[in-house]
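*Asks:* Pasting upload-v7.txt here (compact mmCIF, C-alpha atoms):
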```
# COMPACT_ATOMS: atom_id res chain seq x y z
CA MET A 1 -24.85 27.14 74.74
CA LEU A 2 -23.80 28.61 78.07
CA GLU A 3 -20.68 30.78 77.87
CA ILE A 4 -18.81 31.77 81.03
CA VAL A 5 -16.50 34.76 80.69
CA THR A 6 -13.76 36.27 82.86
CA GLY A 7 -12.61 39.86 83.26
CA PHE A 8 -8.85 39.35 83.16
CA GLU A 9 -8.32 40.92 79.73
CA ILE A 10 -10.27 44.08 80.56
CA ALA A 11 -8.48 44.35 83.91
CA ALA A 12 -5.09 44.00 82.24
CA GLY A 13 -5.85 46.91 79.93
CA ILE A 14 -6.91 49.15 82.83
CA ASN A 15 -3.86 48.17 84.88
CA SER A 16 -1.52 48.86 81.98
CA GLU A 17 -2.86 52.39 81.62
CA THR A 18 -2.75 53.00 85.40
CA ARG A 19 0.85 51.76 85.56
CA ARG A 20 1.80 54.05 82.65
CA ARG A 21 0.21 57.09 84.31
CA ILE A 22 1.90 56.48 87.65
CA SER A 23 5.28 55.88 86.01
CA ALA A 24 4.96 59.05 83.93
CA SER A 25 4.08 61.10 87.00
CA GLY A 26 7.45 60.36 88.59
CA ARG A 27 5.94 60.41 92.06
CA ALA A 28 5.00 57.87 94.71
CA VAL A 29 1.34 56.93 95.06
CA ARG A 30 0.27 55.81 98.52
CA CYS A 31 -2.98 54.30 99.75
CA VAL A 32 -4.01 53.00 103.18
CA VAL A 33 -6.63 50.24 103.40
CA LEU A 34 -8.23 49.60 106.79
CA LEU A 35 -9.75 46.19 107.49
CA ASP A 36 -10.72 43.62 110.07
CA ASP A 37 -7.65 41.40 109.78
CA GLY A 38 -9.40 38.74 111.86
CA ASN A 39 -11.93 38.22 109.06
CA PRO A 40 -10.38 35.60 106.72
CA GLY A 41 -12.40 36.67 103.69
CA MET A 42 -11.64 40.34 104.18
CA ALA A 43 -7.96 39.65 104.79
CA ALA A 44 -7.72 37.54 101.62
CA TYR A 45 -9.39 40.29 99.58
CA ALA A 46 -7.01 42.87 101.02
CA ARG A 47 -4.01 40.75 100.07
CA ARG A 48 -5.28 40.58 96.49
CA GLN A 49 -5.64 44.35 96.51
CA LYS A 50 -2.06 44.71 97.72
CA ALA A 51 -0.75 42.42 94.97
CA SER A 52 -2.66 44.40 92.33
CA ALA A 53 -1.34 47.66 93.75
CA GLN A 54 2.24 46.43 93.52
CA GLU A 55 1.63 45.47 89.89
CA VAL A 56 0.72 49.04 88.93
CA GLY A 57 3.20 50.83 91.19
CA ILE A 58 1.01 51.81 94.15
CA ASP A 59 2.35 51.61 97.71
CA LEU A 60 -0.70 50.11 99.43
CA GLN A 61 -0.53 49.69 103.20
CA LEU A 62 -2.88 47.35 105.05
CA GLU A 63 -3.93 48.42 108.54
CA ALA A 64 -6.21 46.77 111.11
CA TYR A 65 -9.23 48.70 112.29
CA PRO A 66 -8.70 50.37 115.69
CA SER A 67 -10.40 48.72 118.64
CA ASP A 68 -13.33 51.15 118.93
CA VAL A 69 -15.19 53.75 116.88
CA VAL A 70 -13.61 56.70 118.71
CA ARG A 71 -10.12 55.55 117.74
CA LEU A 72 -11.29 54.73 114.22
CA THR A 73 -12.73 58.22 113.83
CA ALA A 74 -9.46 59.75 115.00
CA ARG A 75 -7.43 57.53 112.66
CA LEU A 76 -9.52 58.42 109.60
CA GLU A 77 -9.20 62.11 110.44
CA GLU A 78 -5.43 61.68 110.78
CA LEU A 79 -5.11 59.89 107.43
CA ALA A 80 -7.25 62.54 105.76
CA ALA A 81 -4.86 65.25 107.02
CA ARG A 82 -1.61 63.56 105.96
CA ASP A 83 -0.38 64.96 102.65
CA GLU A 84 1.77 61.93 101.87
CA ILE A 85 -1.31 59.65 101.85
CA ASP A 86 -3.18 59.95 98.57
CA ALA A 87 -6.11 57.63 99.16
CA VAL A 88 -7.90 55.80 101.97
CA ALA A 89 -10.24 52.81 101.71
CA THR A 90 -12.29 51.05 104.37
CA LEU A 91 -13.24 47.43 103.71
CA TYR A 92 -16.74 46.26 104.54
CA PRO A 93 -18.41 45.45 106.81
CA LEU A 94 -17.28 48.40 108.89
CA PRO A 95 -16.82 48.10 112.65
CA ALA A 96 -19.88 48.57 114.87
CA GLY A 97 -20.75 52.23 115.29
CA MET A 98 -19.30 53.38 111.95
CA ASP A 99 -21.34 53.64 108.75
CA ALA A 100 -20.17 54.08 105.16
CA ARG A 101 -21.31 57.70 104.82
CA THR A 102 -19.61 58.81 108.03
CA ALA A 103 -16.39 57.04 107.04
CA ALA A 104 -16.45 58.74 103.64
CA LEU A 105 -17.07 62.15 105.23
CA LEU A 106 -14.09 61.63 107.55
CA ILE A 107 -11.85 60.57 104.65
CA GLY A 108 -12.95 63.51 102.49
CA PRO A 109 -13.86 63.62 98.78
CA ASP A 110 -10.30 63.81 97.44
CA LYS A 111 -9.05 60.66 99.18
CA ASP A 112 -12.34 58.73 98.88
CA VAL A 113 -11.67 55.97 96.32
CA ASP A 114 -14.93 54.10 96.93
CA GLY A 115 -17.05 56.92 95.50
CA LEU A 116 -19.20 57.10 98.63
CA HIS A 117 -18.50 60.67 99.74
CA PRO A 118 -21.64 62.75 99.10
CA LEU A 119 -19.74 65.04 96.72
CA ASN A 120 -18.50 62.12 94.61
CA ALA A 121 -21.84 60.30 94.75
CA GLY A 122 -23.63 63.55 93.94
CA ASP A 123 -21.42 64.19 90.91
CA LEU A 124 -22.22 60.71 89.63
CA ALA A 125 -25.96 61.26 90.11
CA LEU A 126 -25.65 64.49 88.10
CA GLY A 127 -23.79 62.76 85.29
CA ALA A 128 -20.29 64.02 86.15
CA VAL A 129 -18.59 60.72 86.91
CA THR A 130 -15.44 61.74 88.76
CA ARG A 131 -14.90 58.86 91.22
CA PRO A 132 -17.32 55.98 90.48
CA PRO A 133 -17.58 53.01 92.86
CA ALA A 134 -15.23 50.42 91.42
CA THR A 135 -17.70 47.52 91.19
CA ALA A 136 -20.32 49.62 89.40
CA LYS A 137 -17.73 50.89 86.93
CA ALA A 138 -16.50 47.33 86.38
CA CYS A 139 -20.04 46.22 85.50
CA LEU A 140 -20.39 49.06 83.00
CA LEU A 141 -17.11 48.14 81.30
CA MET A 142 -17.99 44.44 81.14
CA ALA A 143 -21.44 45.20 79.73
CA GLN A 144 -19.92 47.37 77.01
CA ALA A 145 -17.29 44.74 76.22
CA LEU A 146 -19.90 42.00 75.80
CA ALA A 147 -22.77 43.96 74.25
CA GLY A 148 -21.16 46.95 72.54
CA SER A 149 -23.24 50.11 72.66
CA LEU A 150 -25.79 50.07 75.49
CA LYS A 151 -28.02 52.65 73.82
CA GLY A 152 -31.59 51.36 73.90
CA ARG A 153 -30.68 48.11 75.64
CA GLU A 154 -33.06 46.69 78.26
CA ILE A 155 -31.03 46.20 81.45
CA VAL A 156 -32.38 44.86 84.73
CA LEU A 157 -30.42 45.38 87.95
CA VAL A 158 -31.22 42.94 90.74
CA GLY A 159 -30.10 44.75 93.89
CA ALA A 160 -29.85 48.48 94.62
CA SER A 161 -26.85 48.82 96.91
CA ARG A 162 -24.93 52.08 97.18
CA ILE A 163 -21.80 50.54 95.65
CA VAL A 164 -23.37 48.62 92.74
CA GLY A 165 -27.03 49.01 91.82
CA ARG A 166 -27.66 52.69 92.46
CA PRO A 167 -24.48 54.15 90.93
CA LEU A 168 -24.59 51.66 88.06
CA ALA A 169 -28.16 52.68 87.25
CA ASN A 170 -27.03 56.28 86.83
CA MET A 171 -24.12 55.34 84.57
CA LEU A 172 -26.34 53.09 82.46
CA LEU A 173 -28.90 55.87 82.08
CA ASP A 174 -26.11 58.16 80.86
CA ALA A 175 -25.30 55.43 78.30
CA GLU A 176 -28.95 55.68 77.14
CA ALA A 177 -29.90 52.21 78.33
CA THR A 178 -33.41 51.45 79.58
CA VAL A 179 -32.92 50.51 83.22
CA THR A 180 -35.15 48.57 85.62
CA ILE A 181 -34.11 48.21 89.27
CA ALA A 182 -35.42 45.12 91.05
CA HIS A 183 -34.64 43.19 94.23
CA ALA A 184 -34.59 39.63 95.50
CA ALA A 185 -38.00 40.51 97.02
CA THR A 186 -39.48 41.74 93.74
CA ARG A 187 -42.74 39.96 92.98
CA ASP A 188 -42.38 37.80 89.86
CA LEU A 189 -38.75 38.77 89.36
CA ALA A 190 -38.56 36.54 86.29
CA ALA A 191 -41.18 38.66 84.50
CA HIS A 192 -38.73 41.57 84.67
CA THR A 193 -35.47 39.75 83.95
CA ARG A 194 -36.90 37.81 80.96
CA ARG A 195 -37.30 41.12 79.12
CA ALA A 196 -33.68 42.06 79.62
CA ASP A 197 -30.82 42.03 77.15
CA ILE A 198 -28.52 42.29 80.18
CA VAL A 199 -29.16 41.25 83.79
CA VAL A 200 -26.84 42.51 86.53
CA THR A 201 -27.41 40.56 89.72
CA ALA A 202 -25.91 41.63 93.03
CA ALA A 203 -28.53 40.32 95.43
CA GLY A 204 -26.30 37.93 97.37
CA VAL A 205 -28.77 35.04 97.04
CA ALA A 206 -27.26 31.84 95.69
CA GLY A 207 -29.37 30.27 92.94
CA LEU A 208 -31.66 33.27 92.63
CA ILE A 209 -31.40 33.46 88.83
CA GLY A 210 -32.43 30.29 87.00
CA SER A 211 -33.30 29.32 83.45
CA ASP A 212 -36.81 30.78 83.63
CA HIS A 213 -35.37 34.20 84.45
CA LEU A 214 -33.50 34.62 81.16
CA ARG A 215 -34.26 35.10 77.50
CA ASP A 216 -32.16 33.46 74.79
CA GLY A 217 -29.01 35.45 74.13
CA ALA A 218 -29.11 37.23 77.48
CA ILE A 219 -25.95 38.49 79.17
CA VAL A 220 -25.74 38.08 82.94
CA LEU A 221 -23.22 39.97 85.05
CA ASP A 222 -23.06 38.02 88.32
CA VAL A 223 -21.57 40.33 90.93
CA SER A 224 -22.42 38.31 94.03
CA ILE A 225 -19.96 36.10 95.87
CA ASN A 226 -21.79 33.57 98.04
CA ARG A 227 -20.30 30.63 99.89
CA GLY A 228 -21.86 27.34 98.77
CA PRO A 229 -21.11 23.73 99.72
CA GLY A 230 -18.65 23.41 96.85
CA GLY A 231 -17.01 26.83 97.19
CA LEU A 232 -17.82 30.31 95.91
CA VAL A 233 -20.96 30.78 93.83
CA GLY A 234 -22.89 33.75 92.50
CA ASP A 235 -26.61 34.43 92.20
CA VAL A 236 -26.92 32.41 88.97
CA ASP A 237 -27.81 28.73 89.16
CA LEU A 238 -25.28 27.52 86.59
CA ASP A 239 -26.67 23.99 86.54
CA ALA A 240 -30.11 25.33 85.66
CA VAL A 241 -28.82 27.48 82.78
CA ALA A 242 -26.25 24.97 81.50
CA GLY A 243 -28.20 24.19 78.33
CA ARG A 244 -29.21 27.78 77.56
CA ASN A 245 -27.81 30.23 75.01
CA VAL A 246 -26.71 32.79 77.60
CA THR A 247 -23.47 34.46 78.67
CA VAL A 248 -22.63 34.60 82.39
CA THR A 249 -19.64 36.18 84.09
CA HIS A 250 -17.48 33.88 86.18
CA VAL A 251 -17.59 34.12 89.98
CA PRO A 252 -15.27 35.48 91.26
CA ASP A 253 -13.09 36.02 88.14
CA GLY A 254 -15.62 37.88 86.01
CA ILE A 255 -16.37 41.24 87.59
CA GLY A 256 -13.80 40.79 90.40
CA PRO A 257 -10.54 41.49 88.49
CA ILE A 258 -12.08 44.51 86.76
CA THR A 259 -13.30 45.88 90.10
CA THR A 260 -9.81 45.70 91.57
CA ALA A 261 -8.34 47.36 88.48
CA CYS A 262 -10.94 50.15 88.67
CA LEU A 263 -10.14 50.66 92.34
CA MET A 264 -6.43 51.03 91.54
CA ARG A 265 -7.35 53.54 88.85
CA ASN A 266 -9.35 55.50 91.43
CA VAL A 267 -6.30 55.54 93.69
CA ALA A 268 -4.18 56.87 90.84
CA ASP A 269 -6.84 59.51 90.07
CA ALA A 270 -6.78 60.61 93.72
CA ALA A 271 -3.00 60.92 93.67
CA LEU A 272 -2.63 62.58 90.30
CA ARG A 273 -5.65 64.86 90.37
CA SER A 274 -3.41 67.95 90.69
CA SER A 275 -0.50 66.67 88.60
```
Show me the file's structure as structure tokens.

*Replies:*
Amino acid sequence: MLEIVTGFEIAAGINSETRRRISASGRAVRCVVLLDDGNPGMAAYARRQKASAQEVGIDLQLEAYPSDVVRLTARLEELAARDEIDAVATLYPLPAGMDARTAALLIGPDKDVDGLHPLNAGDLALGAVTRPPATAKACLLMAQALAGSLKGREIVLVGASRIVGRPLANMLLDAEATVTIAHAATRDLAAHTRRADIVVTAAGVAGLIGSDHLRDGAIVLDVSINRGPGGLVGDVDLDAVAGRNVTVTHVPDGIGPITTACLMRNVADAALRSS
């Protein structure tokens, strides 16, 4: 029957190790997170980040985006130059006129904790995973926790974003999985996903994955957070798969807690890289 799993236990293990490393370093770890504080969803996410940071011993400061792209550019350059700031993150969507690559270039590779600077993304593509995007890393950890070794596993990714699908594909290939990348627009998507041992869906389309998309025993990592009439939902139609022998991650408490824990670990890595 349908099993819904959360990521709290995995996240707790990551946070425990991050807290131990920071405590052993004997130094303060500081991160600045810029956001649109007028966006309720973004503000709520940022508050959860701040609570998680406090749990592991990170001084995380929330800061509203400047009023225009010129001021934002100057602020990112300033934060990149300040030695007492270890890490900088920009929550999405970014303000008009600023794109993710430009923001990462302004922040620089050492303080980039989203793994989007070309040097960090390039290392990942070459198999040297130094600063992986937190959500992609969270998916890898959950897949390994639920399935064990990924060697030879058939894994279908639905969505190829720069923070989930593309980096995750590289990490899964390094784990010797067989990886197919699809999209919400893929013709006969179900023909691909039915072959999969593991489906990772990050398409942002509520109800996209139904019973016909899955084989018996499949594991589904539902990364999407969509707003439905009854609250937050993922890409999986849980009513449609209710009678199936499949495992699905909870939305938002499946991949979400692990993502936050991986982000805090990236902050610690940025701070302690020379310690």

*Asks:* Which residue is closest to Ala169 (chain A)? Choose from A:Ile219, A:Ala136, A:Ala190, A:Val248 and count only C-alpha atoms.

*Replies:*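 The shortest atom-to-atom distance to Ala169 (chain A) comes from A:Ala136.
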
*Asks:* For Arg215 (chain A), find every residue with an atom within 9 Å (counting only C-alpha atoms), except residues of its own chain fewer than 5 positions away, and show them as a CSV table (one decimal) with C-alpha atoms, in the frame of the given file.

*Replies:*
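This is the output file around.csv:
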```
chain,number,residue,atom,x,y,z
A,193,THR,CA,-35.5,39.8,84.0
A,194,ARG,CA,-36.9,37.8,81.0
A,195,ARG,CA,-37.3,41.1,79.1
A,196,ALA,CA,-33.7,42.1,79.6
A,197,ASP,CA,-30.8,42.0,77.2
A,244,ARG,CA,-29.2,27.8,77.6
A,245,ASN,CA,-27.8,30.2,75.0
A,246,VAL,CA,-26.7,32.8,77.6
```

*Asks:* To one decimal in Å, tell me the separation between CA of Asn39 (chain A) and CA of Ala100 (chain A).

*Replies:*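 These atoms are spaced 18.3 Å apart.
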
*Asks:* What is the distance, in Å and to one decimal place, between CA of Glu9 (chain A) and CA of Asp114 (chain A)?

*Replies:*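 Rounded to one decimal, the two atoms are 22.7 Å apart.
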
*Asks:* May I ask which of the residues A:Ala191, A:Ala53, A:Ala175, A:Ala240 is the closest one to Thr18 (chain A), counting all atoms listed in the file?

*Replies:*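 With all atoms listed in the file as the atom set, the closest residue is A:Ala53.
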
*Asks:* Using all atoms listed in the file, find the one residue out of A:Ala185, A:Ile163, A:Ala261, A:Val70 that sits nearest to Arg101 (chain A).

*Replies:*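 Checking each candidate against Arg101 (chain A), we get A:Ile163 as the closest.
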
*Asks:* What is the distance between CA of Asp68 (chain A) and CA of Val33 (chain A), in Å to one decimal?

*Replies:*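 If I compute the distance from CA of Asp68 (chain A) to CA of Val33 (chain A), I get 16.9 Å.
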
*Asks:* Let me have the centre and edge lengths in Å, one decimal, of the box along x, y and z around every listed atom of region 231-243 of chain A with 8 Å of margin on each side, as lines of an AutoDock Vina configuration file.

*Replies:*
```
center_x = -23.6
center_y = 29.2
center_z = 87.8
size_x = 29.1
size_y = 26.4
size_z = 34.9
```

*Asks:* Kindly write all heavy atoms of region 227-238 of chain A from the structure just given to a file, as a PDB file, in the first residue's frame.

*Replies:*
```pdb
ATOM      1  N   ARG A 227       0.349  25.103  -4.692  1.00  0.00           N
ATOM      2  CA  ARG A 227      -0.768  25.499  -3.835  1.00  0.00           C
ATOM      3  C   ARG A 227      -2.064  24.986  -4.437  1.00  0.00           C
ATOM      4  O   ARG A 227      -2.462  25.380  -5.523  1.00  0.00           O
ATOM      5  CB  ARG A 227      -0.817  27.021  -3.661  1.00  0.00           C
ATOM      6  CG  ARG A 227       0.372  27.556  -2.894  1.00  0.00           C
ATOM      7  CD  ARG A 227       0.147  28.944  -2.313  1.00  0.00           C
ATOM      8  NE  ARG A 227       1.287  29.354  -1.497  1.00  0.00           N
ATOM      9  CZ  ARG A 227       1.427  29.047  -0.221  1.00  0.00           C
ATOM     10  NH1 ARG A 227       0.495  28.329   0.387  1.00  0.00           N
ATOM     11  NH2 ARG A 227       2.494  29.454   0.456  1.00  0.00           N
ATOM     12  N   GLY A 228      -2.724  24.061  -3.713  1.00  0.00           N
ATOM     13  CA  GLY A 228      -4.004  23.525  -4.149  1.00  0.00           C
ATOM     14  C   GLY A 228      -5.133  24.068  -3.293  1.00  0.00           C
ATOM     15  O   GLY A 228      -4.894  24.801  -2.326  1.00  0.00           O
ATOM     16  N   PRO A 229      -6.354  23.704  -3.613  1.00  0.00           N
ATOM     17  CA  PRO A 229      -7.513  24.194  -2.845  1.00  0.00           C
ATOM     18  C   PRO A 229      -7.453  23.845  -1.360  1.00  0.00           C
ATOM     19  O   PRO A 229      -7.921  24.603  -0.519  1.00  0.00           O
ATOM     20  CB  PRO A 229      -8.702  23.505  -3.524  1.00  0.00           C
ATOM     21  CG  PRO A 229      -8.219  23.155  -4.890  1.00  0.00           C
ATOM     22  CD  PRO A 229      -6.761  22.860  -4.749  1.00  0.00           C
ATOM     23  N   GLY A 230      -6.845  22.691  -1.059  1.00  0.00           N
ATOM     24  CA  GLY A 230      -6.777  22.262   0.338  1.00  0.00           C
ATOM     25  C   GLY A 230      -5.449  22.525   0.999  1.00  0.00           C
ATOM     26  O   GLY A 230      -5.201  22.038   2.115  1.00  0.00           O
ATOM     27  N   GLY A 231      -4.554  23.269   0.349  1.00  0.00           N
ATOM     28  CA  GLY A 231      -3.237  23.548   0.919  1.00  0.00           C
ATOM     29  C   GLY A 231      -2.125  23.150  -0.037  1.00  0.00           C
ATOM     30  O   GLY A 231      -2.327  23.104  -1.259  1.00  0.00           O
ATOM     31  N   LEU A 232      -0.962  22.844   0.501  1.00  0.00           N
ATOM     32  CA  LEU A 232       0.199  22.531  -0.315  1.00  0.00           C
ATOM     33  C   LEU A 232       0.118  21.100  -0.850  1.00  0.00           C
ATOM     34  O   LEU A 232      -0.189  20.163  -0.109  1.00  0.00           O
ATOM     35  CB  LEU A 232       1.480  22.698   0.509  1.00  0.00           C
ATOM     36  CG  LEU A 232       1.759  24.106   1.051  1.00  0.00           C
ATOM     37  CD1 LEU A 232       3.049  24.112   1.859  1.00  0.00           C
ATOM     38  CD2 LEU A 232       1.832  25.124  -0.076  1.00  0.00           C
ATOM     39  N   VAL A 233       0.425  20.943  -2.120  1.00  0.00           N
ATOM     40  CA  VAL A 233       0.456  19.629  -2.753  1.00  0.00           C
ATOM     41  C   VAL A 233       1.683  19.557  -3.649  1.00  0.00           C
ATOM     42  O   VAL A 233       2.255  20.574  -4.034  1.00  0.00           O
ATOM     43  CB  VAL A 233      -0.816  19.353  -3.591  1.00  0.00           C
ATOM     44  CG1 VAL A 233      -2.041  19.326  -2.702  1.00  0.00           C
ATOM     45  CG2 VAL A 233      -0.975  20.393  -4.701  1.00  0.00           C
ATOM     46  N   GLY A 234       2.087  18.328  -3.977  1.00  0.00           N
ATOM     47  CA  GLY A 234       3.198  18.135  -4.884  1.00  0.00           C
ATOM     48  C   GLY A 234       2.725  17.847  -6.290  1.00  0.00           C
ATOM     49  O   GLY A 234       1.613  18.224  -6.686  1.00  0.00           O
ATOM     50  N   ASP A 235       3.567  17.143  -7.053  1.00  0.00           N
ATOM     51  CA  ASP A 235       3.200  16.739  -8.408  1.00  0.00           C
ATOM     52  C   ASP A 235       2.427  15.426  -8.422  1.00  0.00           C
ATOM     53  O   ASP A 235       1.805  15.082  -9.430  1.00  0.00           O
ATOM     54  CB  ASP A 235       4.452  16.561  -9.273  1.00  0.00           C
ATOM     55  CG  ASP A 235       5.120  17.879  -9.623  1.00  0.00           C
ATOM     56  OD1 ASP A 235       4.494  18.944  -9.436  1.00  0.00           O
ATOM     57  OD2 ASP A 235       6.285  17.847 -10.083  1.00  0.00           O
ATOM     58  N   VAL A 236       2.479  14.672  -7.329  1.00  0.00           N
ATOM     59  CA  VAL A 236       1.839  13.353  -7.281  1.00  0.00           C
ATOM     60  C   VAL A 236       0.377  13.496  -6.862  1.00  0.00           C
ATOM     61  O   VAL A 236       0.062  14.173  -5.877  1.00  0.00           O
ATOM     62  CB  VAL A 236       2.578  12.421  -6.304  1.00  0.00           C
ATOM     63  CG1 VAL A 236       1.876  11.061  -6.233  1.00  0.00           C
ATOM     64  CG2 VAL A 236       4.039  12.246  -6.720  1.00  0.00           C
ATOM     65  N   ASP A 237      -0.494  12.841  -7.608  1.00  0.00           N
ATOM     66  CA  ASP A 237      -1.911  12.767  -7.252  1.00  0.00           C
ATOM     67  C   ASP A 237      -2.066  11.654  -6.221  1.00  0.00           C
ATOM     68  O   ASP A 237      -2.171  10.475  -6.576  1.00  0.00           O
ATOM     69  CB  ASP A 237      -2.731  12.475  -8.508  1.00  0.00           C
ATOM     70  CG  ASP A 237      -4.233  12.466  -8.246  1.00  0.00           C
ATOM     71  OD1 ASP A 237      -4.638  12.342  -7.071  1.00  0.00           O
ATOM     72  OD2 ASP A 237      -5.001  12.562  -9.218  1.00  0.00           O
ATOM     73  N   LEU A 238      -2.053  12.024  -4.947  1.00  0.00           N
ATOM     74  CA  LEU A 238      -2.068  11.021  -3.883  1.00  0.00           C
ATOM     75  C   LEU A 238      -3.359  10.209  -3.868  1.00  0.00           C
ATOM     76  O   LEU A 238      -3.345   9.022  -3.524  1.00  0.00           O
ATOM     77  CB  LEU A 238      -1.850  11.694  -2.524  1.00  0.00           C
ATOM     78  CG  LEU A 238      -0.463  12.305  -2.298  1.00  0.00           C
ATOM     79  CD1 LEU A 238      -0.388  12.989  -0.940  1.00  0.00           C
ATOM     80  CD2 LEU A 238       0.631  11.244  -2.410  1.00  0.00           C
TER      81      LEU A 238
END
```
